[in-house]
Amino acid sequence: MDDEKKSVSSNDQEKHHRHGFRLRREKNRHQTNRAKVKQMKIQSDRKNQDHKEENKQTEKKVPFWQRLFTHKEKNREQSKTSTTMTLKKPLRRSEMHHEDNKHRPIWQRYLTRLNIILVVVFALFAVLLVRLADLQIVNGHTFEQLVTMTQTNIAERSVPRGYIEDKNGKKLVDNEGVQAISYTRGPSVSGSDMATTADRLAGLISVDTTGLQDRDLKDYWIAKNEKTIDQRLTDKEKQLEGSQLNEAQLSHVTDKDIQFNDQQKTATAIYKKMNAAYAMSPTYIKNKDVSTEEIARVSENIQSLPGVSTTMDWNRTYPQGDLLKSVLGGVTSESKGLPEDQAATYLAQGYARNDRVGDSYIEKAFDEFLRGSKTRYETEINQNGEVSETSETYAGEQGETVKLTIDSDLQKKIEDIADQYLNSQGSSSSNSIYFVVSNPKTGALLSIVGRQKNSDGEIVDDSLGTFTSSFTSGSVVKGATITAGYYYGVLKEGSDNIQVDEPLYFQGTPRKASWWVNSSTAPRSLSDIQALEVSSNVYMIKTAMAIGGINSYYNNMSLAGLDDNLADKLRYIYRQYGLGSSTGLDLPNEAQGITGSVATPGNALDLAFGQFDTFTPLQLNQYVATVANSGKRMAVHILDQIEKTSTTSNNKNQTQVVYQVKPTLLNQVEASDSVIKRIQRGFWGVINSSNGTGHSEFSGSSVTVAGKTGTAEVGNGLINSTFVGYAPYDDPQIAISVVLPNINSNSSYATAAEEARKVTDFYFSNNK
């Protein structure tokens with residue numbers, strides 16, 4: 001029994017022991033689980049804390065509206081997580097969705113889609129707000145400027161041209177400043193706008209309206225009445241363009257429409273000038289006789305006259321009167337602008353279409369120096385395309401001074417001599433006279449005088465005729481013929497080359513003889529020097545025959561064997577002296593003379609003593625200058641130098657030579673020094689030998705002159721009297737040529753040698 005009790009007790013103790021063990025194990029497990037849960041909670045709190053910190057940093061970079069919707073999503077996720085954690089067992093996704101939806105209102109089921117739409121709408125509104133802020137706040141001022149935008153353009157206006165002076169600095173051409181009213185057409189100004197401006201301006205100034213045509217009046221009326229003329233057009237006419245549309249518009253303007261009063265006609269004249277202007281190229285509305293009152297009125301109303309301004313213009317003046325005026329040339333008007341036939345060339349050089357340029361001779365030849373640098377303006381163009389303001393940015397520079405080789409005192413004296421000669425001539429045929437004086441060593445022209453009496457008996461300048469008109473010159477060319485004789489070997493150096501002067505008779509050709517044949521037919525034996533002194537025609541004819549292959553003469557002989565190239569052979573030498581060739585003149589339109597076509601052998605013989613080809617007074621001058629210069633032919637020039645005047649720091653004018661003409665040798669005559677000296681000796685004899693043809697005219701001269709006289713028959717009883725010469729003989733300073741055309745040979749007349757003597761006397765009395 002006791003053993004059983006012991007056994008039961010032992011079993012109970014064992015059970016109790018096992019139960020306590022389970023309890024302790026369960027307790028330990030719960031403690032372990034609580035510790036794990038606590039550790040997990042700590043880790044979770046740390047993670048949440050870290051996550052919150054990260055969110056705070058991220059939220060700083062994320063826009064408010066994005067944080068708002070992100071926060072809602074987080075709450076939803078946390079709600080889901082909390083619901084899940086409270087469930088005793090995990091739910092499947094479908095069960096979770098179903099369970100969640102059971103407890104939500106029906107409108108929340110579409111909340112996610114609505115949020116997306118709201119985000120998109122909010123984003124669009126945000127972009128719109130940002131754009132509005134950019135337009136109104138950031139760039140508001142810029143767009144305001146665009147509304148009232150002005151465009152800046154560069155416009156240029158010509159400056160006064162440079163002066164033209166003689167060799168001593170006397171002004172031959174000057175400028176006169178005048179007040180002017182100008183207009184600059186904007187790039188998109190309409191005809192209506194110009195007509196409105198013209199109408200306003202017409203009430204402030206007066207302009208010449210005498211040249212207006214009906215077409216001008218109609219053009220102005222159309223510009224002023226665009227809507228009315230448009231209503232008059234047919235539907236078909238409205239489809240036309242350009243000139244066809246304009247012609248249609250003109251056809252609908254009635255005579256009643258253009259019954260204008262004086263102010264409307266003035267507006268029409270102004271509009272015509274405005275309409276003809278090139279865009280951004282200033283044109284003058286009025287630049288003659290502009291009164292101070294007109295300038296004041298325009299200035300006071302300038303704000304209502306877009307494109308109009310008051311300014312200065314210039315006109316060419318001539319301090320020496322008509323002296324050399326035809327050679328000085330002219331300048332185009334602004335309305336004419338560039339010459340049409342040369343416009344492309346000028347435009348390529350930077351000219352504007354309405355620029356005033358030299359249109360002839362000196363003004364044209366040296367335009368690149370005379371034109372100067374244009375004044376430059378900045379012009380503001382408003383939103384209507386009108387010029388609203390003009391300001392000068394560069395004053396420009398006046399053209400450079402062109403200094404000529406001309407001696408104006410000598411020019412004036414010779415013009416007086418020429419006028420006296422013309423006034424003394426009773427014959428209407430003898431109505432012109434020409435002089436050329438040059439420096440034979442340099443080719444510089446000292447004077448070129450041409451005077452002519454017109455049909456009204458008025459004496460006018462024809463200095464151009466000295467190099468644009470040619471004349472049969474007569475015996476003055478005989479020095480070139482002698483040179484040809486030596487060149488082709490028919491005259492021998494070291495010999496007197498004696499030939500007999502006698503009347504010559506050829507088959508089929510009129511008698512040929514020297515000028516004295518009417519008083520004496522006796523034969524004369526002459527050397528080449530003597531032949532020049534007495535001006536033997538026969539000596540020149542026989543020399544030419546020898547060059548042409550006929551070495552002897554007999555009465556009534558045939559010239560059939562004469563070389564057909566005889567004229568060309570003579571001209572080859574003549575051209576070396578400048579006869580029949582360019583003289584190198586630095587002015588345009590120089591004539592080359594006329595070389596006749598040789599129809600008979602006798603024509604070539606006439607050429608030998610100056611009775612066939614024609615030459616200009618300038619060519620004759622270069623010829624004798626070449627003789628004076630020992631066979632060296634110098635280019636003729638009228639330009640001496642180009643000068644530029646600038647203002648120094650102390651307001652003094654300083655002149656600088658920017659270009660100086662240098663003498664140019666064109667060629668050396670193909671003759672030895674001894675041959676040239678024989679020709680010079682013959683020219684000396686013409687003046688200084690008692691038998692010389694020019695001896696009486698120069699008798700008693702204070703300076704030794706050498707030269708050659710000439711007389712050429714030109715038909716109808718008329719002759720040309722010519723003279724070429726140089727002085728002093730031993731050291732030439734001037735070469736002179738004189739031509740008196742169409743003198744009546746049946747009356748007493750002054751010779752070219754007489755007129756030349758007056759020139760040499762004046763020159764050397766003033767240049768001692």
# chains A, B, ... in the order shown; residues from 1 in each chain; ligands from 1
>>> residues_around(residues="Asn315 (chain A)", least_positions_apart="6", cutoff="10 Å", atoms="only C-alpha atoms", output="mmCIF file with N, CA and C atoms, in the first residue's frame")
data_model
loop_
_atom_site.group_PDB
_atom_site.id
_atom_site.type_symbol
_atom_site.label_atom_id
_atom_site.label_comp_id
_atom_site.auth_asym_id
_atom_site.auth_seq_id
_atom_site.Cartn_x
_atom_site.Cartn_y
_atom_site.Cartn_z
ATOM 1 N N PRO A 160 29.069 117.356 -100.398
ATOM 2 C CA PRO A 160 29.536 118.246 -101.476
ATOM 3 C C PRO A 160 30.744 117.654 -102.197
ATOM 4 N N ARG A 161 30.783 117.828 -103.504
ATOM 5 C CA ARG A 161 31.897 117.306 -104.288
ATOM 6 C C ARG A 161 33.160 118.123 -104.020
ATOM 7 N N ASP A 174 33.568 125.326 -107.640
ATOM 8 C CA ASP A 174 33.366 125.413 -106.188
ATOM 9 C C ASP A 174 31.964 124.890 -105.867
ATOM 10 N N ASN A 175 31.590 124.932 -104.570
ATOM 11 C CA ASN A 175 30.258 124.517 -104.135
ATOM 12 C C ASN A 175 29.562 125.658 -103.409
ATOM 13 N N GLU A 176 28.274 125.709 -103.575
ATOM 14 C CA GLU A 176 27.456 126.666 -102.843
ATOM 15 C C GLU A 176 26.422 125.893 -102.034
ATOM 16 N N GLY A 177 26.435 126.056 -100.698
ATOM 17 C CA GLY A 177 25.479 125.378 -99.843
ATOM 18 C C GLY A 177 24.119 126.053 -99.895
ATOM 19 N N VAL A 178 23.051 125.255 -99.962
ATOM 20 C CA VAL A 178 21.692 125.790 -100.004
ATOM 21 C C VAL A 178 20.818 124.992 -99.044
ATOM 22 N N ASN A 287 15.039 121.954 -103.161
ATOM 23 C CA ASN A 287 16.416 122.359 -102.846
ATOM 24 C C ASN A 287 16.838 123.617 -103.606
ATOM 25 N N LYS A 288 15.847 124.336 -104.117
ATOM 26 C CA LYS A 288 16.123 125.622 -104.761
ATOM 27 C C LYS A 288 15.169 126.670 -104.197
ATOM 28 N N VAL A 331 27.495 117.761 -113.675
ATOM 29 C CA VAL A 331 27.079 116.769 -112.689
ATOM 30 C C VAL A 331 25.600 116.489 -112.901
ATOM 31 N N SER A 333 21.698 115.691 -112.150
ATOM 32 C CA SER A 333 20.758 116.128 -111.121
ATOM 33 C C SER A 333 20.342 114.926 -110.290
#
>>> residues_around(residues="Tyr278 (chain A)", least_positions_apart="3", cutoff="10 Å", atoms="only C-alpha atoms", output="mmCIF file with all heavy atoms, in the first residue's frame")
data_model
loop_
_atom_site.group_PDB
_atom_site.id
_atom_site.type_symbol
_atom_site.label_atom_id
_atom_site.label_comp_id
_atom_site.auth_asym_id
_atom_site.auth_seq_id
_atom_site.Cartn_x
_atom_site.Cartn_y
_atom_site.Cartn_z
ATOM 1 N N THR A 184 12.758 110.814 -96.891
ATOM 2 C CA THR A 184 13.293 109.454 -96.919
ATOM 3 C C THR A 184 12.126 108.489 -96.856
ATOM 4 O O THR A 184 11.390 108.453 -95.866
ATOM 5 C CB THR A 184 14.250 109.197 -95.747
ATOM 6 O OG1 THR A 184 15.296 110.176 -95.768
ATOM 7 C CG2 THR A 184 14.863 107.807 -95.840
ATOM 8 N N ARG A 185 11.962 107.724 -97.891
ATOM 9 C CA ARG A 185 10.828 106.795 -97.986
ATOM 10 C C ARG A 185 11.117 105.531 -97.202
ATOM 11 O O ARG A 185 12.154 104.895 -97.369
ATOM 12 C CB ARG A 185 10.558 106.454 -99.455
ATOM 13 C CG ARG A 185 9.373 105.530 -99.682
ATOM 14 C CD ARG A 185 9.150 105.334 -101.163
ATOM 15 N NE ARG A 185 8.020 104.455 -101.428
ATOM 16 C CZ ARG A 185 7.556 104.193 -102.648
ATOM 17 N NH1 ARG A 185 8.136 104.752 -103.712
ATOM 18 N NH2 ARG A 185 6.531 103.392 -102.820
ATOM 19 N N GLY A 186 10.190 105.167 -96.327
ATOM 20 C CA GLY A 186 10.323 103.935 -95.567
ATOM 21 C C GLY A 186 10.166 102.719 -96.454
ATOM 22 O O GLY A 186 9.612 102.805 -97.561
ATOM 23 N N PRO A 187 10.587 101.542 -95.977
ATOM 24 C CA PRO A 187 10.575 100.345 -96.828
ATOM 25 C C PRO A 187 9.187 99.825 -97.172
ATOM 26 O O PRO A 187 9.024 99.104 -98.138
ATOM 27 C CB PRO A 187 11.360 99.320 -95.990
ATOM 28 C CG PRO A 187 11.260 99.804 -94.579
ATOM 29 C CD PRO A 187 11.198 101.293 -94.653
ATOM 30 N N MET A 274 8.071 112.020 -104.028
ATOM 31 C CA MET A 274 8.107 110.975 -103.003
ATOM 32 C C MET A 274 7.952 109.591 -103.625
ATOM 33 O O MET A 274 8.663 108.652 -103.280
ATOM 34 C CB MET A 274 6.981 111.199 -101.991
ATOM 35 C CG MET A 274 7.173 112.387 -101.076
ATOM 36 S SD MET A 274 5.766 112.537 -99.941
ATOM 37 C CE MET A 274 6.375 113.810 -98.825
ATOM 38 N N ASN A 275 7.018 109.493 -104.558
ATOM 39 C CA ASN A 275 6.715 108.203 -105.169
ATOM 40 C C ASN A 275 7.859 107.702 -106.042
ATOM 41 O O ASN A 275 8.020 106.496 -106.243
ATOM 42 C CB ASN A 275 5.439 108.313 -106.003
ATOM 43 C CG ASN A 275 4.851 106.966 -106.357
ATOM 44 O OD1 ASN A 275 4.861 106.047 -105.551
ATOM 45 N ND2 ASN A 275 4.337 106.849 -107.563
ATOM 46 N N SER A 281 16.553 105.898 -99.360
ATOM 47 C CA SER A 281 17.506 106.744 -100.072
ATOM 48 C C SER A 281 16.946 108.164 -100.107
ATOM 49 O O SER A 281 15.982 108.431 -100.823
ATOM 50 C CB SER A 281 17.730 106.231 -101.495
ATOM 51 O OG SER A 281 18.726 106.977 -102.143
ATOM 52 N N PRO A 282 17.499 109.087 -99.316
ATOM 53 C CA PRO A 282 16.932 110.437 -99.215
ATOM 54 C C PRO A 282 16.848 111.125 -100.577
ATOM 55 O O PRO A 282 17.761 111.031 -101.398
ATOM 56 C CB PRO A 282 17.923 111.166 -98.293
ATOM 57 C CG PRO A 282 18.599 110.085 -97.515
ATOM 58 C CD PRO A 282 18.693 108.920 -98.462
ATOM 59 N N THR A 283 15.739 111.803 -100.802
ATOM 60 C CA THR A 283 15.556 112.571 -102.029
ATOM 61 C C THR A 283 15.083 113.971 -101.651
ATOM 62 O O THR A 283 14.425 114.160 -100.625
ATOM 63 C CB THR A 283 14.520 111.900 -102.959
ATOM 64 O OG1 THR A 283 14.493 112.591 -104.199
ATOM 65 C CG2 THR A 283 13.136 111.906 -102.351
ATOM 66 N N ALA A 352 24.405 104.905 -105.089
ATOM 67 C CA ALA A 352 22.953 104.749 -105.048
ATOM 68 C C ALA A 352 22.371 105.273 -106.354
ATOM 69 O O ALA A 352 23.001 106.079 -107.045
ATOM 70 C CB ALA A 352 22.364 105.505 -103.862
ATOM 71 N N ARG A 353 21.163 104.834 -106.681
ATOM 72 C CA ARG A 353 20.582 105.170 -107.982
ATOM 73 C C ARG A 353 20.355 106.668 -108.160
ATOM 74 O O ARG A 353 20.383 107.165 -109.276
ATOM 75 C CB ARG A 353 19.271 104.415 -108.189
ATOM 76 C CG ARG A 353 19.481 102.940 -108.481
ATOM 77 C CD ARG A 353 18.211 102.277 -108.952
ATOM 78 N NE ARG A 353 18.437 100.887 -109.315
ATOM 79 C CZ ARG A 353 18.856 100.477 -110.496
ATOM 80 N NH1 ARG A 353 19.082 101.378 -111.443
ATOM 81 N NH2 ARG A 353 19.044 99.204 -110.752
ATOM 82 N N ASN A 354 20.101 107.384 -107.070
ATOM 83 C CA ASN A 354 19.849 108.816 -107.216
ATOM 84 C C ASN A 354 21.071 109.657 -106.869
ATOM 85 O O ASN A 354 20.963 110.854 -106.648
ATOM 86 C CB ASN A 354 18.659 109.241 -106.357
ATOM 87 C CG ASN A 354 18.928 109.051 -104.868
ATOM 88 O OD1 ASN A 354 19.778 108.262 -104.489
ATOM 89 N ND2 ASN A 354 18.196 109.763 -104.032
#
>>> closest_residue(among="A:Ser701, A:Ile743, A:Thr751, A:Ala625", to="Asn431 (chain A)", atoms="only C-alpha atoms")
A:Ile743
>>> closest_residue(among="A:Thr483, A:Ser702, A:Thr472, A:Asn497", to="Phe615 (chain A)", atoms="only C-alpha atoms")
A:Thr472
>>> residues_around(residues="Asn589 (chain A)", least_positions_apart="4", cutoff="10 Å", atoms="only C-alpha atoms", output="mmCIF file with N, CA and C atoms, in the first residue's frame")
data_model
loop_
_atom_site.group_PDB
_atom_site.id
_atom_site.type_symbol
_atom_site.label_atom_id
_atom_site.label_comp_id
_atom_site.auth_asym_id
_atom_site.auth_seq_id
_atom_site.Cartn_x
_atom_site.Cartn_y
_atom_site.Cartn_z
ATOM 1 N N SER A 360 30.295 114.192 -117.506
ATOM 2 C CA SER A 360 31.136 114.450 -118.675
ATOM 3 C C SER A 360 32.506 114.980 -118.258
ATOM 4 N N TYR A 361 33.486 114.615 -119.029
ATOM 5 C CA TYR A 361 34.845 115.145 -118.995
ATOM 6 C C TYR A 361 35.470 115.177 -117.600
ATOM 7 N N LEU A 464 36.281 121.674 -125.922
ATOM 8 C CA LEU A 464 36.233 120.249 -126.251
ATOM 9 C C LEU A 464 36.728 119.989 -127.665
ATOM 10 N N PHE A 467 40.161 118.425 -128.795
ATOM 11 C CA PHE A 467 40.499 116.995 -128.879
ATOM 12 C C PHE A 467 39.345 116.128 -129.381
ATOM 13 N N THR A 468 38.211 116.758 -129.712
ATOM 14 C CA THR A 468 37.107 115.981 -130.285
ATOM 15 C C THR A 468 36.847 116.323 -131.751
ATOM 16 N N LEU A 585 45.573 111.261 -123.526
ATOM 17 C CA LEU A 585 44.806 112.227 -122.742
ATOM 18 C C LEU A 585 43.964 111.511 -121.687
#
>>> residues_around(residues="Ser408 (chain A)", least_positions_apart="2", cutoff="8 Å", atoms="only C-alpha atoms", output="tab-separated table (two decimals) with N, CA and C atoms, in the first residue's frame")
chain	number	residue	atom	x	y	z
A	166	ASP	N	43.07	125.17	-110.67
A	166	ASP	CA	44.12	125.20	-111.68
A	166	ASP	C	45.47	124.91	-111.02
A	167	LYS	N	46.53	124.96	-111.79
A	167	LYS	CA	47.85	124.59	-111.27
A	167	LYS	C	48.31	125.50	-110.14
A	170	LYS	N	43.88	128.25	-108.00
A	170	LYS	CA	42.68	129.04	-108.21
A	170	LYS	C	41.51	128.10	-108.49
A	323	LEU	N	35.11	129.98	-118.04
A	323	LEU	CA	36.47	129.55	-118.37
A	323	LEU	C	36.56	128.03	-118.36
A	406	ILE	N	46.23	123.07	-115.85
A	406	ILE	CA	45.84	124.29	-116.56
A	406	ILE	C	46.28	125.54	-115.79
A	410	LEU	N	46.72	132.03	-118.19
A	410	LEU	CA	47.03	131.81	-119.60
A	410	LEU	C	45.75	131.44	-120.36
A	411	GLN	N	44.93	130.61	-119.76
A	411	GLN	CA	43.67	130.20	-120.39
A	411	GLN	C	42.79	131.41	-120.67
A	412	LYS	N	42.69	132.28	-119.68
A	412	LYS	CA	41.85	133.47	-119.84
A	412	LYS	C	42.39	134.38	-120.95
A	447	SER	N	46.97	124.97	-121.41
A	447	SER	CA	45.77	125.66	-121.88
A	447	SER	C	45.18	124.89	-123.05
>>> select_by_dssp(residues="region 471-536 of chain A", states="strand (DSSP E or B)", output="PyMOL selection string")
chain A and resi 471-472+499-501+504-506+509-512+524-526
>>> residues_around(residues="Tyr749 (chain A)", least_positions_apart="2", cutoff="12 Å", atoms="only C-alpha atoms", output="list in words")
Tyr421, Leu422, Ser424, Gln425, Gly426, Ser427, Ser430, Leu718, Ile719, Asn720, Ser721, Leu740, Pro741, Asn742, Ile743, Asn744, Ser745, Asn746, Ser747, Thr751, Ala752, Ala753, Glu754 and Glu755 of chain A
>>> write_last_selection(atoms="C-alpha atoms", output="tab-separated table (two decimals), in the first residue's frame")
chain	number	residue	atom	x	y	z
A	421	TYR	CA	39.87	137.00	-133.63
A	422	LEU	CA	36.25	135.87	-134.03
A	424	SER	CA	37.25	140.55	-136.38
A	425	GLN	CA	36.02	137.99	-138.90
A	426	GLY	CA	33.44	139.21	-141.34
A	427	SER	CA	32.99	135.83	-142.98
A	430	SER	CA	35.31	131.49	-140.23
A	718	LEU	CA	38.11	127.97	-147.95
A	719	ILE	CA	41.34	127.09	-146.22
A	720	ASN	CA	42.51	126.00	-142.77
A	721	SER	CA	45.39	128.03	-141.38
A	740	LEU	CA	41.86	128.51	-137.73
A	741	PRO	CA	39.30	126.54	-139.78
A	742	ASN	CA	37.35	127.64	-142.86
A	743	ILE	CA	38.96	130.97	-143.69
A	744	ASN	CA	37.92	132.66	-146.91
A	745	SER	CA	41.09	132.51	-149.02
A	746	ASN	CA	39.92	135.31	-151.29
A	747	SER	CA	40.11	137.94	-148.54
A	751	THR	CA	47.07	133.52	-139.89
A	752	ALA	CA	47.44	130.92	-137.17
A	753	ALA	CA	51.08	132.01	-136.78
A	754	GLU	CA	49.95	135.56	-135.93
A	755	GLU	CA	47.61	134.26	-133.20
>>> select_by_dssp(residues="region 303-402 of chain A", states="alpha helix (DSSP H)", output="list in words")
Lys325, Ser326, Val327, Leu328, Ala343, Ala344, Thr345, Tyr346, Leu347, Ala348, Tyr361, Ile362, Glu363, Lys364, Ala365, Asp367, Glu368, Phe369 and Leu370 of chain A
>>> residues_around(residues="Ile229 (chain A)", least_positions_apart="2", cutoff="12 Å", atoms="only C-alpha atoms", output="list in words")
Lys218, Asp219, Tyr220, Trp221, Ile222, Ala223, Lys224, Asn225, Glu226, Lys227, Gln231, Arg232, Leu233, Thr234, Glu237, Lys238, Leu245, Asn246, Glu247, Ala248, Gln249, Leu250, Ser251, His252, Val253, Thr254 and Asp257 of chain A
>>> closest_residue(among="A:Leu172, A:Ile417, A:Ala395, A:Val686", to="Gln530 (chain A)", atoms="only C-alpha atoms")
A:Val686
>>> closest_residue(among="A:Asn603, A:Gln680, A:Asn767, A:Gln499", to="Tyr539 (chain A)", atoms="only C-alpha atoms")
A:Gln499
>>> closest_residue(among="A:Ile541, A:Ala444, A:Leu328, A:Val120", to="Tyr553 (chain A)", atoms="only C-alpha atoms")
A:Ile541
>>> atom_distance(atom1="CA of Tyr577 (chain A)", atom2="CA of Lys364 (chain A)")
28.1 Å
>>> closest_residue(among="A:Asn667, A:Ala735, A:Tyr284, A:Glu697", to="Ala750 (chain A)", atoms="only C-alpha atoms")
A:Glu697
